[in-house]
file my_file.tsv (TSV, C-alpha atoms)
chain	number	residue	atom	x	y	z
A	1	SER	CA	0.00	0.00	0.00
A	2	GLN	CA	2.84	2.42	0.84
A	3	ILE	CA	4.59	1.54	-2.43
A	4	LYS	CA	1.42	2.20	-4.42
A	5	ARG	CA	0.86	5.46	-2.58
A	6	ARG	CA	4.40	6.62	-3.35
A	7	ALA	CA	3.93	5.72	-7.03
A	8	MET	CA	0.79	7.88	-7.13
A	9	GLU	CA	2.63	10.76	-5.47
A	10	MET	CA	5.43	10.51	-8.03
A	11	LEU	CA	2.90	10.66	-10.84
A	12	ALA	CA	1.11	13.65	-9.33
A	13	ASP	CA	4.48	15.40	-9.12
A	14	GLY	CA	4.98	14.90	-12.84
A	15	VAL	CA	7.55	12.11	-12.44
A	16	SER	CA	7.38	9.16	-14.83
A	17	MET	CA	5.47	6.35	-13.18
A	18	PRO	CA	6.59	2.71	-13.16
A	19	LEU	CA	4.71	0.02	-15.06
A	20	LEU	CA	1.82	-1.40	-13.02
A	21	ILE	CA	1.00	-5.11	-13.35
A	22	HIS	CA	-1.85	-6.96	-11.62
A	23	ASP	CA	-0.60	-10.34	-10.38
A	24	GLU	CA	-3.88	-12.25	-10.32
A	25	PRO	CA	-4.92	-12.29	-14.01
A	26	THR	CA	-1.31	-12.70	-15.10
A	27	ALA	CA	-0.67	-15.78	-12.95
A	28	ARG	CA	-4.10	-17.27	-13.68
A	29	GLY	CA	-3.51	-16.96	-17.42
A	30	SER	CA	-0.30	-18.98	-17.18
A	31	ILE	CA	-1.95	-21.58	-14.95
A	32	ASP	CA	-4.76	-21.97	-17.50
A	33	ALA	CA	-2.07	-22.56	-20.15
A	34	GLY	CA	-0.66	-25.48	-18.16
A	35	CYS	CA	1.99	-23.89	-15.94
A	36	THR	CA	2.12	-24.97	-12.32
A	37	PRO	CA	0.83	-22.38	-9.84
A	38	GLU	CA	4.28	-22.25	-8.21
A	39	ASP	CA	5.86	-21.31	-11.54
A	40	ALA	CA	3.06	-19.02	-12.71
A	41	TRP	CA	3.27	-16.83	-9.61
A	42	GLU	CA	6.98	-16.24	-10.22
A	43	PHE	CA	6.31	-14.34	-13.46
A	44	CYS	CA	8.14	-11.14	-14.25
A	45	VAL	CA	8.21	-8.48	-16.95
A	46	ILE	CA	10.82	-9.67	-19.46
A	47	GLY	CA	10.49	-6.92	-22.04
A	48	CYS	CA	8.71	-3.58	-22.24
A	49	ASN	CA	5.49	-5.16	-21.02
A	50	GLU	CA	5.91	-8.79	-22.09
A	51	LEU	CA	5.34	-11.31	-19.30
A	52	GLY	CA	7.17	-14.58	-18.74
A	53	ILE	CA	8.46	-16.99	-16.12
A	54	PRO	CA	12.21	-16.61	-15.52
A	55	GLY	CA	14.21	-19.66	-16.54
A	56	ARG	CA	11.14	-21.57	-17.63
A	57	SER	CA	9.32	-19.64	-20.36
A	58	ALA	CA	10.28	-16.60	-22.42
A	59	GLU	CA	8.33	-16.86	-25.66
A	60	SER	CA	6.11	-13.85	-25.04
A	61	SER	CA	9.15	-11.65	-25.63
A	62	THR	CA	10.38	-13.43	-28.76
A	63	ALA	CA	7.04	-14.17	-30.45
A	64	MET	CA	8.53	-16.27	-33.25
A	65	ASN	CA	5.07	-17.51	-34.12
A	66	GLY	CA	3.77	-14.36	-35.75
A	67	ASN	CA	2.04	-11.03	-35.42
A	68	VAL	CA	-1.64	-10.15	-35.42
A	69	GLN	CA	-2.06	-6.63	-36.82
A	70	TYR	CA	-5.84	-6.37	-37.03
A	71	LEU	CA	-5.99	-3.23	-39.14
A	72	GLU	CA	-3.51	-4.59	-41.66
A	73	LEU	CA	-5.45	-7.87	-41.89
A	74	LEU	CA	-8.71	-5.99	-42.41
A	75	ASN	CA	-7.20	-3.78	-45.11
A	76	ASP	CA	-5.74	-6.80	-46.89
A	77	THR	CA	-9.07	-8.62	-46.70
A	78	LEU	CA	-10.96	-5.71	-48.25
A	79	LEU	CA	-8.43	-4.54	-50.82
A	80	ASN	CA	-7.77	-8.06	-52.12
A	81	HIS	CA	-11.41	-9.14	-52.30
A	82	PRO	CA	-12.45	-9.91	-55.91
A	83	ASP	CA	-15.96	-8.47	-55.46
A	84	PRO	CA	-16.19	-6.23	-52.38
A	85	ASP	CA	-19.84	-5.33	-52.99
A	86	SER	CA	-20.69	-9.02	-52.58
A	87	ILE	CA	-19.85	-8.65	-48.87
A	88	ARG	CA	-23.46	-8.36	-47.73
A	89	ASP	CA	-23.23	-7.70	-43.99
A	90	MET	CA	-20.92	-7.64	-40.96
A	91	PRO	CA	-21.01	-11.42	-40.32
A	92	HIS	CA	-19.94	-11.98	-43.93
A	93	LEU	CA	-17.11	-9.44	-43.57
A	94	LEU	CA	-15.94	-11.06	-40.33
A	95	SER	CA	-15.95	-14.47	-42.01
A	96	CYS	CA	-13.70	-13.12	-44.77
A	97	LEU	CA	-11.41	-11.53	-42.19
A	98	GLU	CA	-11.16	-14.76	-40.19
A	99	GLU	CA	-10.18	-16.64	-43.34
A	100	THR	CA	-7.39	-14.14	-43.96
A	101	MET	CA	-6.25	-14.37	-40.34
A	102	MET	CA	-6.23	-18.16	-40.40
A	103	SER	CA	-4.14	-18.30	-43.57
A	104	ARG	CA	-1.65	-15.72	-42.34
A	105	LEU	CA	-1.19	-17.10	-38.82
A	106	SER	CA	-0.92	-20.70	-40.02
A	107	GLN	CA	1.95	-19.72	-42.28
A	108	MET	CA	3.57	-17.75	-39.46
A	109	ARG	CA	3.30	-20.66	-37.02
A	110	LYS	CA	4.86	-23.07	-39.50
A	111	HIS	CA	7.71	-20.67	-40.22
A	112	GLY	CA	8.19	-19.84	-36.53
A	113	GLU	CA	8.42	-23.44	-35.40
A	114	GLN	CA	10.89	-24.26	-38.15
A	115	HIS	CA	12.94	-21.15	-37.36
A	116	ARG	CA	13.10	-21.94	-33.65
A	117	LYS	CA	14.39	-25.45	-34.30
A	118	ARG	CA	16.92	-24.23	-36.87
A	119	LEU	CA	18.28	-21.65	-34.43
A	120	ALA	CA	18.64	-24.28	-31.70
A	121	GLU	CA	20.63	-26.46	-34.11
A	122	SER	CA	22.74	-23.87	-35.92
A	123	MET	CA	23.11	-21.10	-33.31
A	124	PRO	CA	22.84	-22.74	-29.88
A	125	THR	CA	23.36	-20.72	-26.71
A	126	PRO	CA	24.88	-23.22	-24.27
A	127	PHE	CA	25.90	-20.74	-21.56
A	128	THR	CA	22.51	-19.01	-21.44
A	129	SER	CA	20.74	-22.36	-21.74
A	130	ALA	CA	22.66	-23.59	-18.69
A	131	LEU	CA	20.82	-20.95	-16.65
A	132	MET	CA	17.41	-22.26	-17.70
A	133	ARG	CA	15.75	-24.90	-15.60
A	134	GLY	CA	16.03	-28.40	-17.04
A	135	CYS	CA	18.07	-27.61	-20.15
A	136	ILE	CA	21.25	-29.25	-18.83
A	137	SER	CA	19.47	-32.42	-17.69
A	138	ARG	CA	17.66	-32.61	-21.02
A	139	GLY	CA	20.81	-31.84	-23.00
A	140	MET	CA	18.88	-29.29	-25.06
A	141	ASP	CA	19.18	-25.66	-26.07
A	142	MET	CA	16.81	-23.26	-24.32
A	143	LEU	CA	14.84	-22.70	-27.55
A	144	VAL	CA	13.62	-26.29	-27.46
A	145	GLY	CA	14.43	-27.49	-23.95
A	146	MET	CA	12.78	-25.10	-21.47
A	147	ASP	CA	9.97	-26.23	-19.18
A	148	TYR	CA	7.25	-24.38	-21.08
A	149	HIS	CA	7.08	-23.60	-24.77
A	150	LEU	CA	3.88	-21.62	-25.16
A	151	PRO	CA	3.85	-20.32	-28.76
A	152	GLY	CA	4.16	-16.55	-28.52
A	153	VAL	CA	2.27	-14.15	-30.78
A	154	TYR	CA	2.49	-10.36	-30.85
A	155	GLU	CA	-0.70	-8.33	-31.28
A	156	ARG	CA	-1.28	-4.72	-32.36
A	157	GLY	CA	-3.92	-2.65	-34.09
A	158	LEU	CA	-6.91	-3.76	-32.01
A	159	THR	CA	-8.04	-0.17	-31.41
A	160	ASN	CA	-7.94	0.74	-35.10
A	161	GLY	CA	-9.49	-2.57	-36.10
A	162	ALA	CA	-12.47	-2.05	-33.78
A	163	ASN	CA	-12.91	1.55	-34.96
A	164	ALA	CA	-12.75	0.43	-38.59
A	165	LEU	CA	-15.42	-2.23	-38.11
A	166	ALA	CA	-17.66	0.24	-36.26
A	167	ALA	CA	-17.25	2.69	-39.14
A	168	ILE	CA	-18.05	0.07	-41.79
A	169	GLN	CA	-21.16	-1.01	-39.92
A	170	GLN	CA	-22.44	2.55	-39.57
A	171	VAL	CA	-21.49	3.98	-42.96
A	172	VAL	CA	-21.87	0.98	-45.29
A	173	PHE	CA	-24.38	-1.45	-43.78
A	174	GLU	CA	-26.61	0.76	-41.63
A	175	GLY	CA	-26.49	4.22	-43.15
A	176	GLY	CA	-25.93	3.02	-46.70
A	177	SER	CA	-24.19	6.28	-47.58
A	178	LEU	CA	-21.33	4.33	-49.19
A	179	SER	CA	-21.04	1.03	-50.98
A	180	MET	CA	-18.08	-1.16	-50.12
A	181	THR	CA	-16.57	-0.30	-53.50
A	182	ASP	CA	-16.99	3.43	-52.79
A	183	LEU	CA	-15.27	2.96	-49.42
A	184	LEU	CA	-12.33	1.13	-50.94
A	185	LYS	CA	-11.95	3.75	-53.66
A	186	ALA	CA	-11.87	6.48	-51.01
A	187	MET	CA	-9.20	4.53	-49.12
A	188	GLN	CA	-7.13	4.08	-52.29
A	189	ASP	CA	-7.42	7.85	-52.93
A	190	ASP	CA	-6.30	8.48	-49.32
A	191	PHE	CA	-9.59	10.26	-48.59
A	192	GLN	CA	-9.26	13.09	-51.06
A	193	ASP	CA	-13.01	13.42	-50.57
A	194	ALA	CA	-13.03	14.81	-47.04
A	195	SER	CA	-16.74	14.13	-46.61
A	196	VAL	CA	-16.17	10.36	-46.80
A	197	ARG	CA	-13.53	10.55	-44.10
A	198	ALA	CA	-15.83	12.69	-41.96
A	199	HIS	CA	-18.53	9.99	-42.13
A	200	LEU	CA	-16.04	7.35	-41.01
A	201	LEU	CA	-14.69	9.49	-38.18
A	202	SER	CA	-18.22	10.11	-36.90
A	203	ALA	CA	-18.69	6.42	-36.05
A	204	PRO	CA	-18.43	5.18	-32.44
A	205	LYS	CA	-14.89	4.77	-31.13
A	206	TRP	CA	-13.23	2.16	-28.91
A	207	GLY	CA	-12.29	3.42	-25.45
A	208	ASN	CA	-15.51	5.28	-24.61
A	209	ASN	CA	-17.32	2.33	-22.98
A	210	ASP	CA	-19.63	2.43	-26.00
A	211	PRO	CA	-20.95	-1.04	-26.87
A	212	ARG	CA	-21.37	-0.04	-30.53
A	213	ALA	CA	-17.57	0.10	-30.85
A	214	ASP	CA	-16.43	-2.10	-27.98
A	215	LYS	CA	-18.25	-5.17	-29.31
A	216	TRP	CA	-15.92	-5.21	-32.32
A	217	ALA	CA	-12.79	-5.30	-30.18
A	218	VAL	CA	-14.29	-8.20	-28.23
A	219	GLU	CA	-15.21	-9.92	-31.51
A	220	LEU	CA	-11.70	-9.47	-32.96
A	221	VAL	CA	-10.09	-10.99	-29.86
A	222	ALA	CA	-12.57	-13.90	-29.92
A	223	MET	CA	-11.75	-14.43	-33.61
A	224	ARG	CA	-8.03	-14.44	-32.85
A	225	GLU	CA	-8.56	-17.03	-30.13
A	226	ARG	CA	-10.58	-19.31	-32.42
A	227	VAL	CA	-7.87	-19.12	-35.05
A	228	LEU	CA	-4.96	-19.68	-32.67
A	229	ASN	CA	-6.73	-22.50	-30.82
A	230	ALA	CA	-7.25	-24.25	-34.14
A	231	ILE	CA	-3.60	-23.75	-35.06
A	232	ASP	CA	-2.50	-25.08	-31.66
A	233	GLY	CA	-4.45	-28.23	-32.43
A	234	GLN	CA	-3.07	-28.44	-35.95
A	235	PHE	CA	0.54	-28.27	-34.72
A	236	GLY	CA	-0.02	-30.25	-31.52
A	237	SER	CA	1.46	-27.43	-29.47
A	238	ARG	CA	0.78	-26.19	-25.98
A	239	PRO	CA	-1.69	-23.32	-25.57
A	240	HIS	CA	-0.45	-20.11	-27.17
A	241	MET	CA	0.21	-16.82	-25.42
A	242	VAL	CA	-0.51	-13.39	-26.87
A	243	CYS	CA	1.21	-10.16	-25.93
A	244	HIS	CA	-0.20	-6.82	-27.06
A	245	VAL	CA	3.04	-4.84	-27.23
A	246	VAL	CA	3.49	-1.49	-28.98
A	247	ARG	CA	6.57	0.44	-27.82
A	248	SER	CA	7.08	2.64	-30.91
A	249	LEU	CA	5.87	0.01	-33.35
A	250	HIS	CA	2.70	1.99	-34.08
A	251	HIS	CA	4.91	4.24	-36.22
A	252	VAL	CA	6.50	1.23	-37.94
A	253	ASP	CA	3.10	-0.36	-38.59
A	254	GLY	CA	1.64	2.90	-39.81
A	255	ARG	CA	4.32	3.33	-42.45
A	256	ARG	CA	3.27	-0.06	-43.86
A	257	ILE	CA	-0.53	0.31	-43.79
A	258	ALA	CA	-2.48	2.27	-46.42
A	259	ALA	CA	-5.53	4.41	-45.63
A	260	SER	CA	-8.01	2.40	-43.58
A	261	PRO	CA	-11.77	2.26	-42.88
A	262	ASP	CA	-11.41	4.01	-39.52
A	263	GLY	CA	-10.62	7.22	-41.43
A	264	ARG	CA	-6.89	7.05	-40.84
A	265	PHE	CA	-4.70	8.51	-43.58
A	266	ALA	CA	-2.21	6.25	-45.37
A	267	TRP	CA	1.19	5.61	-43.78
A	268	THR	CA	0.32	7.45	-40.53
A	269	PRO	CA	0.73	5.90	-37.04
A	270	VAL	CA	-1.86	3.56	-35.58
A	271	ALA	CA	-2.93	3.60	-31.92
A	272	ASP	CA	-0.12	3.69	-29.36
A	273	SER	CA	-1.64	1.07	-27.02
A	274	ILE	CA	-4.67	-1.10	-26.44
A	275	GLY	CA	-6.48	2.01	-25.20
A	276	ALA	CA	-8.24	4.68	-27.23
A	277	GLN	CA	-6.78	6.30	-30.33
A	278	THR	CA	-5.38	9.69	-29.37
A	279	GLY	CA	-8.11	12.31	-29.61
A	280	THR	CA	-11.06	9.90	-29.61
A	281	ALA	CA	-11.48	9.28	-25.86
A	282	LEU	CA	-14.44	11.57	-25.27
A	283	ALA	CA	-15.78	10.02	-22.07
A	284	GLY	CA	-12.71	10.24	-19.81
A	285	PRO	CA	-10.24	7.74	-18.36
A	286	THR	CA	-12.83	5.60	-16.56
A	287	ALA	CA	-14.52	4.85	-19.89
A	288	ILE	CA	-11.19	3.78	-21.40
A	289	LEU	CA	-10.59	1.37	-18.53
A	290	ASN	CA	-14.13	0.00	-18.75
A	291	SER	CA	-13.66	-0.73	-22.45
A	292	VAL	CA	-10.38	-2.59	-21.84
A	293	LEU	CA	-11.94	-4.63	-19.02
A	294	LYS	CA	-14.24	-6.26	-21.57
A	295	LEU	CA	-11.28	-8.08	-23.14
A	296	ASN	CA	-10.75	-10.70	-20.35
A	297	ALA	CA	-7.00	-10.58	-19.76
A	298	VAL	CA	-6.83	-14.01	-18.07
A	299	GLN	CA	-8.12	-15.78	-21.15
A	300	ASN	CA	-6.80	-13.58	-23.92
A	301	TYR	CA	-3.53	-11.94	-22.82
A	302	ARG	CA	-1.29	-14.50	-21.14
A	303	GLY	CA	1.67	-12.54	-22.50
A	304	GLY	CA	0.40	-9.16	-21.29
A	305	TYR	CA	-1.01	-6.03	-22.88
A	306	ASN	CA	0.13	-2.42	-23.15
A	307	LEU	CA	-2.37	0.19	-21.92
A	308	ASN	CA	-1.26	3.82	-21.95
A	309	LEU	CA	-3.34	6.32	-19.98
A	310	THR	CA	-2.51	10.02	-20.07
A	311	LEU	CA	-4.06	12.23	-17.41
A	312	PRO	CA	-4.14	16.04	-17.15
A	313	LYS	CA	-1.45	17.39	-14.85
A	314	ASN	CA	-3.69	19.84	-13.00
A	315	ASP	CA	-6.28	17.25	-11.96
A	316	THR	CA	-3.91	14.38	-11.17
A	317	THR	CA	-3.56	13.71	-7.44
A	318	PRO	CA	-2.82	10.53	-5.47
A	319	ASP	CA	-6.37	10.56	-4.10
A	320	ALA	CA	-7.76	10.64	-7.64
A	321	ILE	CA	-5.44	8.03	-9.16
A	322	LEU	CA	-5.37	5.34	-6.49
A	323	PRO	CA	-9.10	4.47	-6.65
A	324	LEU	CA	-8.91	4.44	-10.45
A	325	VAL	CA	-6.03	1.94	-10.44
A	326	GLU	CA	-7.39	-0.24	-7.65
A	327	THR	CA	-10.86	-0.46	-9.21
A	328	PHE	CA	-9.41	-1.32	-12.62
A	329	PHE	CA	-7.24	-4.08	-11.17
A	330	GLY	CA	-10.00	-5.24	-8.83
A	331	ARG	CA	-12.24	-5.85	-11.85
A	332	GLY	CA	-9.62	-7.89	-13.71
A	333	GLY	CA	-7.42	-5.31	-15.43
A	334	GLN	CA	-3.91	-6.55	-16.05
A	335	GLU	CA	-1.53	-3.71	-16.93
A	336	LEU	CA	-1.46	0.06	-16.78
A	337	GLN	CA	1.03	2.77	-17.66
A	338	ILE	CA	0.04	6.27	-16.59
A	339	ASN	CA	1.53	9.60	-17.57
A	340	SER	CA	0.63	13.01	-16.18
A	341	PHE	CA	1.83	15.67	-18.60
A	342	ASP	CA	1.96	19.44	-18.68
A	343	ALA	CA	1.67	20.26	-22.39
A	344	ALA	CA	3.22	23.71	-22.00
A	345	MET	CA	6.24	22.25	-20.22
A	346	LEU	CA	6.72	19.59	-22.92
A	347	ARG	CA	6.56	22.23	-25.65
A	348	ASP	CA	9.16	24.29	-23.82
A	349	ALA	CA	11.35	21.20	-23.38
A	350	ARG	CA	11.15	20.57	-27.11
A	351	GLU	CA	12.29	24.12	-27.86
A	352	ASN	CA	14.81	24.43	-25.00
A	353	PRO	CA	16.17	20.94	-24.30
A	354	GLU	CA	19.15	22.28	-22.36
A	355	ASN	CA	16.77	23.23	-19.54
A	356	TYR	CA	15.13	19.80	-19.23
A	357	SER	CA	17.89	17.21	-19.08
A	358	ASP	CA	16.16	15.45	-16.13
A	359	LEU	CA	12.61	15.37	-17.52
A	360	LEU	CA	11.57	11.70	-17.65
A	361	VAL	CA	8.51	10.46	-19.53
A	362	ARG	CA	6.94	7.05	-20.00
A	363	VAL	CA	6.47	6.33	-23.67
A	364	ALA	CA	5.08	2.78	-23.94
A	365	GLY	CA	6.77	0.10	-21.90
A	366	PHE	CA	9.80	2.20	-21.16
A	367	SER	CA	10.73	5.52	-19.61
A	368	THR	CA	13.35	7.84	-21.01
A	369	ARG	CA	14.49	11.45	-21.05
A	370	PHE	CA	12.11	13.57	-23.08
A	371	VAL	CA	14.98	15.38	-24.77
A	372	ASP	CA	16.36	12.07	-26.10
A	373	LEU	CA	13.19	11.23	-28.03
A	374	SER	CA	12.80	11.84	-31.75
A	375	SER	CA	10.80	14.87	-32.83
A	376	ALA	CA	7.95	12.57	-33.90
A	377	GLN	CA	7.81	10.94	-30.46
A	378	GLN	CA	8.01	14.31	-28.72
A	379	ASP	CA	5.15	15.63	-30.83
A	380	GLU	CA	3.10	12.54	-30.00
A	381	LEU	CA	3.49	13.02	-26.24
A	382	ILE	CA	2.66	16.70	-26.58
A	383	GLU	CA	-0.48	15.79	-28.51
A	384	ARG	CA	-1.52	13.34	-25.79
A	385	ALA	CA	-1.03	16.07	-23.17
A	386	GLU	CA	-2.89	18.74	-25.13
A	387	ILE	CA	-5.92	16.53	-25.68
A	388	THR	CA	-6.21	15.61	-22.00
A	389	ALA	CA	-5.56	19.14	-20.68
call {"tool": "encode", "arguments": {"input": "my_file.tsv", "output": "structure tokens"}}
result
Amino acid sequence: SQIKRRAMEMLADGVSMPLLIHDEPTARGSIDAGCTPEDAWEFCVIGCNELGIPGRSAESSTAMNGNVQYLELLNDTLLNHPDPDSIRDMPHLLSCLEETMMSRLSQMRKHGEQHRKRLAESMPTPFTSALMRGCISRGMDMLVGMDYHLPGVYERGLTNGANALAAIQQVVFEGGSLSMTDLLKAMQDDFQDASVRAHLLSAPKWGNNDPRADKWAVELVAMRERVLNAIDGQFGSRPHMVCHVVRSLHHVDGRRIAASPDGRFAWTPVADSIGAQTGTALAGPTAILNSVLKLNAVQNYRGGYNLNLTLPKNDTTPDAILPLVETFFGRGGQELQINSFDAAMLRDARENPENYSDLLVRVAGFSTRFVDLSSAQQDELIERAEITA
């Protein structure tokens, strides 16, 4: 309790706050995957927010078995469809998306398993393996000889994927203001017609505790689980683990993904965490947390998730933050990273870095000096602060 209180005081003072992890859903997820309770409760953070069991399992931080980028999968499904106007409703669209996901993740699992075995044979790590429980007695490299090999998968783009599906439902199937072909043409033109983009942006958004948007995030996660469970059975593997990890990969992903149905311009960043897209959280931090709670971390995020929450500096006090955190964790939340920013101070630090050599900020899974960030990352944190001010 004293440690938590001190963390809240640090945050209220504008100091970067440590990563918060809730033990219960994290340990229970590993137990459900077949780990012993004694091992599961010894988990630690082994990456930015990836979770694993020291010396026994580390595949959430290597994720050789693929990536789930929901927005990219949805774009590929739509843009490669031979007759997009034949997609008659949301269930039909989801069926097409699941087919794409199954094909992609099956290929990734096959490649990942082969790659892991090749590395163990051609690039063994005997000294590191000697530190892993059981590898010496088994005479095996850590990549194939640890106690638990739970196929690790990285996940990103859930926020944008849910927003995109909510937009398609409202604009194409309910409002009928666009056909699917019209939507795809607007995406290919990078929304030169601003009115089309405005329609898409007006749709409900994930992170506002709005069931019209939140149901699509829940559906995407359920789809991912169906696909990965089937692949586990196909390969005869142990239950998979999924880690929603972003760091700065939302910039990397964005540079690869064309304009999308959520109204996002081509090659621009996607959401920076599993929370709301910056600028779309209209109902406050409690609504963001309520949306994320619908995802069932125990079942769906054995490898952890990355939730960034930015609060306004003036209203952030220990008495305000502690109930927020405790209620979120008490209802099954797994991970939380909170920043309390003063937008004016960040702007001044960008212009006068020599005066702010000790200004620490939490980006996504890591903290660093603000003045060491790229201009794009600095601008992103300033935007987060301005929107919450």
call {"tool": "atom_distance", "arguments": {"input": "my_file.tsv", "atom1": "atom CA of A:Ala364", "atom2": "atom CA of A:His149"}}
result
26.5 Å
call {"tool": "closest_residue", "arguments": {"input": "my_file.tsv", "among": "A:Leu150, A:Ile382, A:Val221, A:Ile46", "to": "A:Gly34", "atoms": "all atoms listed in the file"}}
result
A:Leu150
call {"tool": "residues_around", "arguments": {"input": "my_file.tsv", "residues": "A:Thr125", "least_positions_apart": "4", "cutoff": "9 Å", "atoms": "all atoms listed in the file", "output": "list in words"}}
result
Ala120, Ser129, Ala130, Asp141, Met142 and Leu143 of chain A
call {"tool": "residues_around", "arguments": {"input": "my_file.tsv", "residues": "stretch 77-91 of chain A", "least_positions_apart": "2", "cutoff": "8 Å", "atoms": "all atoms listed in the file", "output": "list in words"}}
result
Leu73, Leu74, Asn75, Leu93, Leu94, Ser95, Cys96, Leu97, Thr100, Gln169, Phe173, Ser179, Met180, Thr181 and Leu184 of chain A
call {"tool": "closest_residue", "arguments": {"input": "my_file.tsv", "among": "A:Ala230, A:Val242, A:Val371, A:Ala259", "to": "A:Glu98", "atoms": "only C-alpha atoms"}}
result
A:Ala230
call {"tool": "residues_around", "arguments": {"input": "my_file.tsv", "residues": "stretch 261-273 of chain A", "least_positions_apart": "6", "cutoff": "7 Å", "atoms": "all atoms listed in the file", "output": "ChimeraX atom specification"}}
result
/A:157,159-160,163-164,167-168,190,197,200-201,246,250-251,253-255,306-308
call {"tool": "write_last_selection", "arguments": {"input": "my_file.tsv", "atoms": "C-alpha atoms", "output": "compact mmCIF listing (two decimals), keeping the file's coordinate frame"}}
result
# COMPACT_ATOMS: atom_id res chain seq x y z
CA GLY A 157 -3.92 -2.65 -34.09
CA THR A 159 -8.04 -0.17 -31.41
CA ASN A 160 -7.94 0.74 -35.10
CA ASN A 163 -12.91 1.55 -34.96
CA ALA A 164 -12.75 0.43 -38.59
CA ALA A 167 -17.25 2.69 -39.14
CA ILE A 168 -18.05 0.07 -41.79
CA ASP A 190 -6.30 8.48 -49.32
CA ARG A 197 -13.53 10.55 -44.10
CA LEU A 200 -16.04 7.35 -41.01
CA LEU A 201 -14.69 9.49 -38.18
CA VAL A 246 3.49 -1.49 -28.98
CA HIS A 250 2.70 1.99 -34.08
CA HIS A 251 4.91 4.24 -36.22
CA ASP A 253 3.10 -0.36 -38.59
CA GLY A 254 1.64 2.90 -39.81
CA ARG A 255 4.32 3.33 -42.45
CA ASN A 306 0.13 -2.42 -23.15
CA LEU A 307 -2.37 0.19 -21.92
CA ASN A 308 -1.26 3.82 -21.95
call {"tool": "atom_distance", "arguments": {"input": "my_file.tsv", "atom1": "atom CA of A:His240", "atom2": "atom CA of A:Arg302"}}
result
8.3 Å
call {"tool": "atom_distance", "arguments": {"input": "my_file.tsv", "atom1": "atom CA of A:Arg362", "atom2": "atom CA of A:Ala283"}}
result
23.0 Å
call {"tool": "residues_around", "arguments": {"input": "my_file.tsv", "residues": "A:Phe43", "least_positions_apart": "4", "cutoff": "12 Å", "atoms": "only C-alpha atoms", "output": "NGL selection string"}}
result
:A and (21-31 or 35-39 or 49-58 or 60 or 302-304)
call {"tool": "closest_residue", "arguments": {"input": "my_file.tsv", "among": "A:Ile231, A:Leu346, A:Leu309, A:Met123", "to": "A:Leu20", "atoms": "all atoms listed in the file"}}
result
A:Leu309
call {"tool": "closest_residue", "arguments": {"input": "my_file.tsv", "among": "A:Ile136, A:Pro323, A:Pro312, A:Gly279", "to": "A:Glu380", "atoms": "only C-alpha atoms"}}
result
A:Gly279
call {"tool": "closest_residue", "arguments": {"input": "my_file.tsv", "among": "A:Ile338, A:Val196, A:Ala33, A:Val68", "to": "A:Glu155", "atoms": "only C-alpha atoms"}}
result
A:Val68
call {"tool": "closest_residue", "arguments": {"input": "my_file.tsv", "among": "A:Ala343, A:Met140, A:Met102, A:Leu295", "to": "A:Ala217", "atoms": "all atoms listed in the file"}}
result
A:Leu295
